[in-house]
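All remarks here apply to the structure that follows.
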Amino acid sequence: MSISSSALLVELNIGVWTAAIQDKTRTEEITHSNSAVRSAAKVTKHLMAGTSARKDIADYAAATRMWHNTKTLPWADRGSRLIPLSLFFDYKQEADVRKATFDGMVDKFIDEYPQHVEKAKANLGDLFDETDYPDAEEVRKKFSFKLVFSPMPESGDFRLDIPAQALEEIKQEYEASQNARLAEAMREPWDRLYKVLQNISAKLTDTNDDEKKRYHETLISNAQDLCTMLTHLNVTRDPELEKARRDLQSALLGVDIVEIRESADTRADVKKRIDEVLKAYSW
């Protein structure tokens with residue numbers, strides 16, 4: 001199955017300075033005093049102790065990776081993921097904003113780097129060692145935000161000067177591999193759908209517990225957002241997946257989170273509809 005006309009590959013790599021090193025002096029003190037831990041003990045020194053600036057960048061990078069994964073499907077074992085062409089412009093626009101935000105956070109961190117080192121000096125006390133700290137430009141190089149798009153490869157792209165029979169075998173093996181990857185990629189939308197349905201069903205199961213459950217807006221909005229996203233992620237136009245998506249959409253039609261919070265009958269009715277969707281498919 002060729003989907004080169006409906007999808008691209010995208011690779012996102014974000015690098016963040018760890019600001020952590022092995023404290024060799026403390027490690028040696030521990031291992032010399034306790035031979036039982038000699039082979040395993042390692043003491044980590046956190047160079048940015050006393051400031052959250054570096055961690056804020058790391059947290060933003062982690063959130064961006066999570067966002068990237070929600071907008072794409074798995075493809076290669078590492079690196080590239082599949083993105084539907086229908087999502088490309090929205091994805092690229094938000095990715096550009098995220099890169100600008102990341103770069104701005106890094107610029108601010110580098111500008112304030114001397115102050116962060118001074119804070120670390122005050123917090124680390126005797127553990128502080130000025131030689132542990134690279135200069136600001138070296139630190140800057142440890143941060144990166146790289147986004148690379150590439151076309152979906154096809155077996156017809158081979159340009160090999162080998163016998164026709166061998167070339168045909170290679171093409172067949174390549175196509176089989178691509179089809180296997182595509183099947184694995186298309187497993188993820190089903191998994192996302194199943195998890196959302198399971199979560200709603202579990203949340204709407206009333207119990208005799210004294211503690212009252214809390215029903216957040218995201219219980220419904222996350223499912224509605226997924227229904228929208230699945231119109232893009234169904235790159236193979238799987239009719240069964242589209243039917244399941246529509247079933248979830250219908251089950252949530254007119255559902256109000258306030259009524260769910262206040263009415264046991266409403267919770268039971270919505271749960272019944274969700275459970276019917278769960279029973280209708282072989283997950």
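In the structure tokens, chains take the letters A, B, ... in the order shown, each chain's residues start at 1, and ligands count up from 1 in the order shown.
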
*Could you pull the residues within 12 Å of A:Glu259, counting only C-alpha atoms, minus those fewer than 3 positions along the same chain, as a ChimeraX atom specification?*
/A:204,215-217,220,254-256,262-270

*Can you list, as an MDAnalysis selection string, every residue of stretch 69-115 of chain A that DSSP puts in alpha helix (DSSP H)?*
chainID A and resid 69:71 85:111 113:115

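Distances to A:Asp126 were evaluated for A:Lys99, A:Lys45, A:Arg140, A:Lys108 using only C-alpha atoms, and the minimum falls at A:Lys45.
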
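Residues in contact with stretch 70-82 of chain A at 9 Å, where only C-alpha atoms are counted and same-chain residues fewer than 3 positions away are skipped, are listed as A:Ala7, A:Leu8, A:Leu9, A:Val10, A:Glu11, A:Leu12, A:Asn13, A:Arg65, A:Met66, A:Trp67, A:Leu87, A:Tyr91, A:Val148, A:Phe149, A:Ser150, A:Met152, A:Arg181, A:Leu182, A:Glu184, A:Ala185, A:Met186, A:Glu188, A:Pro189, A:Met229, A:His232, A:Leu233.
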
*Could you give me, as a list in words, the residues within 12 Å of A:Thr218, counting only C-alpha atoms and dropping anything in the same chain fewer than 2 positions from it?*
Val196, Asn199, Ile200, Lys203, Arg214, Tyr215, His216, Ile220, Ser221, Asn222, Ala223, Gln224, Asp225, Leu226, Asp256 and Ile257 of chain A

*What is the atom CA of A:His46 to atom CA of A:Ala20 distance in Å?*
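Calculated distance between atom CA of A:His46 and atom CA of A:Ala20 is 4.5 Å.
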
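Between A:Asp206 and the candidates A:Asp275, A:Thr51, A:Ile260, A:Val106, the tightest atom-to-atom separation, counting only C-alpha atoms, involves A:Ile260.
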
Spatial neighbours of A:Phe102, 12 Å, only C-alpha atoms, chain gap at least 4 places, as a compact mmCIF listing (two decimals) with C-alpha atoms, in the first residue's frame:
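Written out: out-v8.txt:
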# COMPACT_ATOMS: atom_id res chain seq x y z
CA ILE A 14 15.50 18.36 20.89
CA GLY A 15 18.70 18.51 22.90
CA VAL A 16 18.88 19.91 26.43
CA ARG A 54 17.34 24.75 32.97
CA ASP A 56 11.96 24.72 32.71
CA ILE A 57 13.61 24.29 29.30
CA ALA A 58 13.79 20.51 29.78
CA ASP A 59 10.11 20.40 30.76
CA TYR A 60 9.16 22.44 27.69
CA ALA A 61 11.19 20.08 25.49
CA ALA A 62 9.41 17.07 27.03
CA ALA A 63 6.01 18.70 26.45
CA THR A 64 6.96 19.41 22.83
CA ALA A 95 6.40 23.60 15.50
CA ASP A 96 7.82 26.96 14.39
CA VAL A 97 6.18 28.66 17.38
CA ARG A 98 7.53 26.01 19.72
CA VAL A 106 17.67 29.16 25.84
CA ASP A 107 18.74 32.74 25.00
CA LYS A 108 17.42 33.94 28.36
CA PHE A 109 19.15 31.07 30.16
CA PHE A 143 20.76 22.93 23.41
CA SER A 144 19.21 22.19 20.03
CA PHE A 145 15.83 22.02 18.29
CA LYS A 146 15.92 20.28 14.91

*Separation of atom CA of A:Pro151 and atom CA of A:Gln178, in Å?*
13.5 Å

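Minimum atom-to-atom distances from A:Asp111, A:Lys121, A:Phe88, A:Met105 to A:Met48 were compared using only C-alpha atoms, and the lowest value belongs to A:Lys121.
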
*So how many Å separate atom CA of A:Glu138 and atom CA of A:Tyr113, to one decimal?*
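Going from atom CA of A:Glu138 over to atom CA of A:Tyr113, I get 11.5 Å.
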
*Determine, counting only C-alpha atoms, which protein, DNA and RNA residues have an atom within 8 Å of an atom of A:Asn123; residues of the same chain fewer than 2 positions away are not included. Present the result as a PyMOL selection string.*
chain A and resi 49-50+119-121+125
